[in-house]
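In what follows, a structure is listed as structure tokens, so that the remarks can point back to it.
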Amino acid sequence: MGVISVLVWLDSISGDYFFKLYDMGELSNLHEFFDEGALVENAVATFPTVSESAEGSIITGLFSGEVNILGERYFSRSLARVMHYKFNARIEEDFPDSLKGYTIDRLSGGSLGIGRLIPVNAEIVHDPIAEEYERKGSLKLVERRVYTAVNLLKERKPRLLLFTVSADYASHVSGREGHMVKSILKTFDELFPEIIKALRNVSDEFSVFVFSDHGSKEVSKHLDLTQLLIEYGFNPSDPGLLNTQKGCSSAALSNGRRMGMIYLKHPEAGWAKLEARVLRNYPFGGSRLDISELLSQEEGIGLLAYREEENKVIVKSRDGEGII
């Protein structure tokens, strides 16, 4: 058979902390295996993406229609509601038809996913026991995930296997570099040779990728976009609900870290997309507001970006204005 690729996502574990332990030699099995491998410091993700996905759209100016995603969510203007890829949104409906045959899952010829994933893999294996371990923050989750992956490699021989080991509970309880997070990494390192052994038994050629993400972060002091809209006098939709409540004139999505998006309902045109000039002359309370200027001067907003034309994005801050 062809090359088998295994991707292991160490969810909610800081990449800096993961590499620090690796570099110090505390993850000896991983260090031995990847000694002749490569360290990827920065990667570009396409779709589906996670926390920082909208940044690429803003930096390049290549906005993707409605689908600018923050934490698996986006706001649909046509439906006037928040769409979430684990609840009411479907990737097959949003992904361009011309690109559907070029996802890593399609190109691999057969993929399997294990864990809390957006359903894009050819098949996802659900494990209620592992999900219970994950909710409780049990270390048993690591062993359960690894041996499920090992068994699937033996029995199914997928061309692509992606599975997650979540430290979400651990990182929030003990901190992003706390003892619980370290225990998860150490346990995964101890069990890692089982994955390699299984791969060597089913294929002469294989690739293994192990990666983590941003980890948990303190966000209590970050700007609350919904509260900001309330202070301006708007009536924003509750960010915790999928359905937009009646009478709402705005909506905000934020991952609580670096990115946020604001949607405004026009008094006459509703949630429809309008030209940028309307943003600078927005009808509100019997007067007109320059929303772009208002937001760009907020102390908690570093950069404001909006699309001026099809191929032009305006970036504003308290220091000035630029064009992409």
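Here's how to read the names in the structure tokens: chain A, B, ... by the order shown, residue numbers from 1 in each chain, ligand numbers from 1 in the order shown.
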
>> Based on the backbone DSSP call, show me all residues of range 41-287 of chain A assigned strand (DSSP E or B), as a PyMOL selection string.
In response: chain A and resi 70+73-76+81-84+111-114+123-125+160-166+206-213+236+243+250-254+260-264+266+270+282-284+287

>> List the spatial neighbours of Leu225 in chain A as a ChimeraX atom specification - criterion: any atom at most 10 Å away, only C-alpha atoms, same-chain residues fewer than 6 positions off excluded.
In response: /A:231,236,239,251-254,256,260-262,300-301

Restricting it to N, CA and C atoms, dump the selection as a PDB file, in the first residue's frame.
ATOM      1  N   GLU A 231     -22.417  49.720  24.487  1.00  0.00           N
ATOM      2  CA  GLU A 231     -22.031  51.067  24.922  1.00  0.00           C
ATOM      3  C   GLU A 231     -22.238  52.099  23.814  1.00  0.00           C
ATOM      4  N   PRO A 236     -26.835  44.355  20.251  1.00  0.00           N
ATOM      5  CA  PRO A 236     -26.177  43.183  19.664  1.00  0.00           C
ATOM      6  C   PRO A 236     -26.838  41.870  20.055  1.00  0.00           C
ATOM      7  N   PRO A 239     -23.862  36.601  22.002  1.00  0.00           N
ATOM      8  CA  PRO A 239     -22.838  35.785  21.342  1.00  0.00           C
ATOM      9  C   PRO A 239     -22.874  34.318  21.750  1.00  0.00           C
ATOM     10  N   ALA A 251     -24.050  42.239  15.550  1.00  0.00           N
ATOM     11  CA  ALA A 251     -23.539  40.978  16.093  1.00  0.00           C
ATOM     12  C   ALA A 251     -22.020  41.057  16.117  1.00  0.00           C
ATOM     13  N   ALA A 252     -21.418  40.379  17.066  1.00  0.00           N
ATOM     14  CA  ALA A 252     -19.954  40.365  17.172  1.00  0.00           C
ATOM     15  C   ALA A 252     -19.482  38.945  17.438  1.00  0.00           C
ATOM     16  N   LEU A 253     -18.412  38.562  16.788  1.00  0.00           N
ATOM     17  CA  LEU A 253     -17.764  37.281  17.038  1.00  0.00           C
ATOM     18  C   LEU A 253     -16.317  37.549  17.408  1.00  0.00           C
ATOM     19  N   SER A 254     -15.837  36.859  18.429  1.00  0.00           N
ATOM     20  CA  SER A 254     -14.447  37.018  18.834  1.00  0.00           C
ATOM     21  C   SER A 254     -13.952  35.717  19.431  1.00  0.00           C
ATOM     22  N   GLY A 256     -11.644  35.839  21.579  1.00  0.00           N
ATOM     23  CA  GLY A 256     -11.146  36.248  22.886  1.00  0.00           C
ATOM     24  C   GLY A 256      -9.659  36.478  22.937  1.00  0.00           C
ATOM     25  N   GLY A 260     -11.495  39.661  16.039  1.00  0.00           N
ATOM     26  CA  GLY A 260     -12.916  39.856  16.253  1.00  0.00           C
ATOM     27  C   GLY A 260     -13.552  40.386  14.985  1.00  0.00           C
ATOM     28  N   MET A 261     -14.840  40.116  14.809  1.00  0.00           N
ATOM     29  CA  MET A 261     -15.563  40.621  13.651  1.00  0.00           C
ATOM     30  C   MET A 261     -16.891  41.204  14.107  1.00  0.00           C
ATOM     31  N   ILE A 262     -17.259  42.327  13.506  1.00  0.00           N
ATOM     32  CA  ILE A 262     -18.505  43.007  13.840  1.00  0.00           C
ATOM     33  C   ILE A 262     -19.394  43.054  12.601  1.00  0.00           C
ATOM     34  N   GLY A 300      -8.802  49.522  22.883  1.00  0.00           N
ATOM     35  CA  GLY A 300      -8.616  48.072  22.869  1.00  0.00           C
ATOM     36  C   GLY A 300      -8.542  47.463  21.484  1.00  0.00           C
ATOM     37  N   ILE A 301      -8.602  48.292  20.435  1.00  0.00           N
ATOM     38  CA  ILE A 301      -8.540  47.795  19.063  1.00  0.00           C
ATOM     39  C   ILE A 301      -7.236  48.267  18.426  1.00  0.00           C
TER      40      ILE A 301
END

Sorted by chain and rising residue number, which residues of range 141-205 of chain A lie within 7 Å of range 10-30 of chain A, and what are their closest atom pairs and distances in Å to one decimal, counting only C-alpha atoms, as JSON lines?
{"residue": "A:Thr164", "atom": "CA", "partner": "A:Leu10", "partner_atom": "CA", "distance": 6.0}
{"residue": "A:Val165", "atom": "CA", "partner": "A:Leu10", "partner_atom": "CA", "distance": 5.0}
{"residue": "A:Ser166", "atom": "CA", "partner": "A:Asp11", "partner_atom": "CA", "distance": 4.5}
{"residue": "A:Ala167", "atom": "CA", "partner": "A:Ser12", "partner_atom": "CA", "distance": 5.3}
{"residue": "A:Asp168", "atom": "CA", "partner": "A:Ser12", "partner_atom": "CA", "distance": 5.1}
{"residue": "A:Ser171", "atom": "CA", "partner": "A:Ser12", "partner_atom": "CA", "distance": 6.8}
{"residue": "A:Arg176", "atom": "CA", "partner": "A:Ser14", "partner_atom": "CA", "distance": 6.6}
{"residue": "A:Glu177", "atom": "CA", "partner": "A:Tyr17", "partner_atom": "CA", "distance": 6.6}
{"residue": "A:Lys186", "atom": "CA", "partner": "A:Leu27", "partner_atom": "CA", "distance": 6.4}
{"residue": "A:Asp189", "atom": "CA", "partner": "A:Leu27", "partner_atom": "CA", "distance": 5.7}
{"residue": "A:Glu190", "atom": "CA", "partner": "A:Asn29", "partner_atom": "CA", "distance": 6.8}
{"residue": "A:Phe192", "atom": "CA", "partner": "A:Asn29", "partner_atom": "CA", "distance": 6.8}
{"residue": "A:Pro193", "atom": "CA", "partner": "A:Asn29", "partner_atom": "CA", "distance": 6.9}

Range 199-212 of chain A surroundings by only C-alpha atoms, 8 Å radius, close-in-sequence under 2 positions cut, as a PDB file with C-alpha atoms, in the first residue's frame:
ATOM      1  CA  MET A   1       0.000   0.000   0.000  1.00  0.00           C
ATOM      2  CA  GLY A   2       1.001   3.660  -0.278  1.00  0.00           C
ATOM      3  CA  VAL A   3       2.346   6.047   2.297  1.00  0.00           C
ATOM      4  CA  ILE A   4       0.324   6.349   5.510  1.00  0.00           C
ATOM      5  CA  SER A   5       0.190   9.741   7.186  1.00  0.00           C
ATOM      6  CA  VAL A   6      -0.640  10.187  10.861  1.00  0.00           C
ATOM      7  CA  LEU A   7      -1.429  13.610  12.293  1.00  0.00           C
ATOM      8  CA  VAL A   8      -1.625  13.987  16.070  1.00  0.00           C
ATOM      9  CA  TRP A   9      -3.157  17.182  17.401  1.00  0.00           C
ATOM     10  CA  LEU A  10      -2.220  17.964  21.015  1.00  0.00           C
ATOM     11  CA  ASP A  11      -5.180  20.244  21.594  1.00  0.00           C
ATOM     12  CA  SER A  12      -5.002  23.198  24.017  1.00  0.00           C
ATOM     13  CA  ILE A  13      -1.289  22.721  24.638  1.00  0.00           C
ATOM     14  CA  SER A  14       0.903  25.745  24.061  1.00  0.00           C
ATOM     15  CA  GLY A  15       3.306  25.191  21.187  1.00  0.00           C
ATOM     16  CA  PHE A  18       5.485  21.623  24.013  1.00  0.00           C
ATOM     17  CA  LEU A 153      -4.038   1.470  11.933  1.00  0.00           C
ATOM     18  CA  LYS A 154      -3.920  -2.319  12.215  1.00  0.00           C
ATOM     19  CA  LYS A 157      -4.938   0.884   7.361  1.00  0.00           C
ATOM     20  CA  ILE A 195       2.016   4.261  17.207  1.00  0.00           C
ATOM     21  CA  ILE A 196       5.338   3.839  15.398  1.00  0.00           C
ATOM     22  CA  LYS A 197       5.314   0.084  16.010  1.00  0.00           C
ATOM     23  CA  HIS A 214      -2.141  28.096  21.215  1.00  0.00           C
ATOM     24  CA  GLY A 215      -2.975  26.524  24.566  1.00  0.00           C
TER      25      GLY A 215
END

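One distance worth recording is that between CA of Cys248 in chain A and CA of Asn235 in chain A, which is 5.0 Å.
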
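Across the model, the gap from CA of Tyr147 in chain A to CA of Met180 in chain A is 20.6 Å.
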
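Every protein or nucleic acid residue with an atom no more than 9 Å from Asn151 in chain A, counting only C-alpha atoms and leaving out same-chain residues fewer than 5 positions away, appears here: Val146, Arg156 and Ala198 of chain A.
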
> Within 10 Å of range 304-309 of chain A, counting only C-alpha atoms, which residues qualify if same-chain residues fewer than 3 places away don't, as a PyMOL selection string?
Replying inline: chain A and resi 55+58-59+61-63+260-261+275-277+279+292-293+295-298+301+312-318+321-324

Include N, CA and C atoms and write out the residues we just selected as a compact mmCIF listing (two decimals), in the first residue's frame.
# COMPACT_ATOMS: atom_id res chain seq x y z
N GLU A 55 -7.36 36.13 9.98
CA GLU A 55 -6.21 37.00 9.75
C GLU A 55 -5.70 36.91 8.32
N ILE A 58 -7.84 38.97 6.01
CA ILE A 58 -7.64 40.41 6.14
C ILE A 58 -6.30 40.83 5.55
N ILE A 59 -5.25 40.08 5.84
CA ILE A 59 -3.91 40.45 5.37
C ILE A 59 -3.83 40.42 3.85
N GLY A 61 -6.57 40.34 1.78
CA GLY A 61 -7.72 40.97 1.14
C GLY A 61 -8.61 39.97 0.45
N LEU A 62 -8.28 38.69 0.53
CA LEU A 62 -9.08 37.67 -0.15
C LEU A 62 -10.15 37.13 0.80
N PHE A 63 -11.16 37.92 1.04
CA PHE A 63 -12.24 37.48 1.91
C PHE A 63 -13.03 36.36 1.22
N GLY A 260 -11.49 39.66 16.04
CA GLY A 260 -12.92 39.86 16.25
C GLY A 260 -13.55 40.39 14.98
N MET A 261 -14.84 40.12 14.81
CA MET A 261 -15.56 40.62 13.65
C MET A 261 -16.89 41.20 14.11
N GLU A 275 -21.96 48.64 0.45
CA GLU A 275 -20.68 49.24 0.10
C GLU A 275 -20.04 49.87 1.32
N ALA A 276 -18.72 49.94 1.30
CA ALA A 276 -17.97 50.44 2.46
C ALA A 276 -18.31 51.88 2.79
N ARG A 277 -18.72 52.64 1.79
CA ARG A 277 -19.04 54.05 2.05
C ARG A 277 -20.18 54.19 3.05
N LEU A 279 -20.54 52.31 5.63
CA LEU A 279 -19.90 52.15 6.94
C LEU A 279 -19.40 53.49 7.47
N SER A 292 -16.12 53.19 10.96
CA SER A 292 -14.71 52.80 10.82
C SER A 292 -13.81 53.70 11.68
N GLU A 293 -14.09 54.98 11.70
CA GLU A 293 -13.30 55.91 12.50
C GLU A 293 -13.54 55.66 13.99
N LEU A 295 -14.43 52.87 15.57
CA LEU A 295 -13.79 51.65 16.04
C LEU A 295 -12.26 51.76 16.04
N SER A 296 -11.71 52.39 15.02
CA SER A 296 -10.24 52.46 14.91
C SER A 296 -9.61 53.29 16.02
N GLN A 297 -10.40 54.14 16.67
CA GLN A 297 -9.87 54.97 17.75
C GLN A 297 -10.03 54.33 19.13
N GLU A 298 -10.68 53.16 19.18
CA GLU A 298 -10.86 52.48 20.47
C GLU A 298 -9.51 52.00 21.00
N ILE A 301 -8.60 48.29 20.44
CA ILE A 301 -8.54 47.79 19.06
C ILE A 301 -7.24 48.27 18.43
N LYS A 312 -9.58 45.44 -2.63
CA LYS A 312 -8.91 46.45 -1.80
C LYS A 312 -9.43 46.40 -0.38
N VAL A 313 -8.50 46.30 0.57
CA VAL A 313 -8.86 46.27 1.98
C VAL A 313 -8.24 47.48 2.67
N ILE A 314 -9.06 48.18 3.45
CA ILE A 314 -8.59 49.32 4.22
C ILE A 314 -8.21 48.85 5.63
N VAL A 315 -7.06 49.25 6.10
CA VAL A 315 -6.61 48.94 7.46
C VAL A 315 -6.41 50.26 8.19
N LYS A 316 -7.10 50.42 9.33
CA LYS A 316 -7.04 51.69 10.07
C LYS A 316 -6.60 51.44 11.51
N SER A 317 -5.96 52.44 12.08
CA SER A 317 -5.60 52.40 13.50
C SER A 317 -5.57 53.84 14.00
N ARG A 318 -5.22 54.01 15.26
CA ARG A 318 -5.11 55.36 15.81
C ARG A 318 -3.94 56.12 15.18
N GLU A 321 -3.88 55.18 8.38
CA GLU A 321 -4.67 54.33 7.50
C GLU A 321 -3.80 53.80 6.38
N GLY A 322 -4.04 52.54 5.99
CA GLY A 322 -3.30 51.94 4.89
C GLY A 322 -4.22 51.13 4.01
N ILE A 323 -3.70 50.72 2.85
CA ILE A 323 -4.49 49.97 1.87
C ILE A 323 -3.74 48.70 1.48
N ILE A 324 -4.46 47.59 1.44
CA ILE A 324 -3.91 46.34 0.90
C ILE A 324 -4.61 46.08 -0.43

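Using only C-alpha atoms for every distance, the candidate list A:Gln227, A:Asn281, A:Thr148, A:Asn243 yields A:Asn243 as the residue closest to Phe87 in chain A.
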
Counting only C-alpha atoms, what is within 12 Å of Arg81 in chain A, bar same-chain residues fewer than 2 positions away, as a short mmCIF file (atom, residue, chain, number, x, y, z; two decimals) with N, CA and C atoms, in the first residue's frame?
data_model
loop_
_atom_site.label_atom_id
_atom_site.label_comp_id
_atom_site.auth_asym_id
_atom_site.auth_seq_id
_atom_site.Cartn_x
_atom_site.Cartn_y
_atom_site.Cartn_z
N GLU A 66 -19.15 34.73 2.93
CA GLU A 66 -19.64 34.82 4.30
C GLU A 66 -18.69 34.14 5.28
N ARG A 73 -16.81 29.23 14.10
CA ARG A 73 -18.08 29.94 13.92
C ARG A 73 -17.96 31.06 12.89
N TYR A 74 -19.07 31.37 12.29
CA TYR A 74 -19.16 32.58 11.47
C TYR A 74 -20.59 33.10 11.55
N PHE A 75 -20.78 34.33 11.14
CA PHE A 75 -22.12 34.92 11.15
C PHE A 75 -22.64 34.93 9.72
N SER A 76 -23.79 34.33 9.51
CA SER A 76 -24.41 34.29 8.18
C SER A 76 -25.35 35.48 8.04
N ARG A 77 -25.03 36.36 7.11
CA ARG A 77 -25.91 37.49 6.86
C ARG A 77 -27.24 37.03 6.27
N SER A 78 -27.20 36.04 5.38
CA SER A 78 -28.42 35.60 4.71
C SER A 78 -29.41 34.96 5.68
N LEU A 79 -28.88 34.29 6.71
CA LEU A 79 -29.75 33.65 7.70
C LEU A 79 -29.87 34.46 8.98
N MET A 83 -23.40 30.61 12.69
CA MET A 83 -23.27 29.25 12.19
C MET A 83 -22.05 28.61 12.85
N HIS A 84 -22.22 27.40 13.34
CA HIS A 84 -21.16 26.70 14.08
C HIS A 84 -20.96 25.33 13.45
N ASN A 88 -24.79 23.65 13.57
CA ASN A 88 -25.75 23.90 12.49
C ASN A 88 -25.14 24.23 11.14
N ALA A 89 -23.82 24.28 11.04
CA ALA A 89 -23.16 24.56 9.76
C ALA A 89 -22.55 23.28 9.20
N PRO A 236 -26.84 44.35 20.25
CA PRO A 236 -26.18 43.18 19.66
C PRO A 236 -26.84 41.87 20.06
N SER A 237 -26.69 40.90 19.18
CA SER A 237 -27.17 39.55 19.45
C SER A 237 -26.32 38.92 20.55
N ASP A 238 -26.92 38.06 21.34
CA ASP A 238 -26.19 37.34 22.39
C ASP A 238 -25.17 36.42 21.73
N PRO A 239 -23.86 36.60 22.00
CA PRO A 239 -22.84 35.78 21.34
C PRO A 239 -22.87 34.32 21.75
N GLY A 240 -23.57 34.00 22.83
CA GLY A 240 -23.66 32.62 23.27
C GLY A 240 -24.77 31.83 22.60
N LEU A 241 -25.58 32.50 21.78
CA LEU A 241 -26.71 31.85 21.13
C LEU A 241 -26.49 31.78 19.62
N LEU A 242 -27.00 30.71 19.00
CA LEU A 242 -26.90 30.59 17.56
C LEU A 242 -27.94 31.47 16.87
N ASN A 243 -29.15 31.49 17.40
CA ASN A 243 -30.20 32.30 16.80
C ASN A 243 -30.05 33.76 17.18
N THR A 244 -30.19 34.63 16.18
CA THR A 244 -30.15 36.06 16.42
C THR A 244 -31.52 36.50 16.93
N GLN A 245 -31.55 37.18 18.05
CA GLN A 245 -32.81 37.56 18.66
C GLN A 245 -33.47 38.71 17.87
N LYS A 246 -34.79 38.77 17.98
CA LYS A 246 -35.54 39.82 17.29
C LYS A 246 -35.12 41.19 17.80
N CYS A 248 -32.40 42.77 17.11
CA CYS A 248 -30.95 42.99 17.17
C CYS A 248 -30.47 43.76 15.95
N SER A 250 -27.02 44.34 15.52
CA SER A 250 -25.59 44.07 15.32
C SER A 250 -25.25 42.70 15.89
N ALA A 251 -24.05 42.24 15.55
CA ALA A 251 -23.54 40.98 16.09
C ALA A 251 -22.02 41.06 16.12
N ALA A 252 -21.42 40.38 17.07
CA ALA A 252 -19.95 40.37 17.17
C ALA A 252 -19.48 38.95 17.44
N LEU A 253 -18.41 38.56 16.79
CA LEU A 253 -17.76 37.28 17.04
C LEU A 253 -16.32 37.55 17.41
N TYR A 263 -20.66 42.74 12.80
CA TYR A 263 -21.66 42.79 11.73
C TYR A 263 -22.73 43.80 12.13
N TRP A 271 -29.54 42.87 6.88
CA TRP A 271 -28.20 42.30 7.06
C TRP A 271 -27.42 42.18 5.75
#

>> I want to know what sits within 6 Å of Gly137 in chain A, based on only C-alpha atoms, with residues of the same chain fewer than 4 positions away left out; could you give that as a list in words?
In response: Tyr133, Tyr169 and Ala170 of chain A
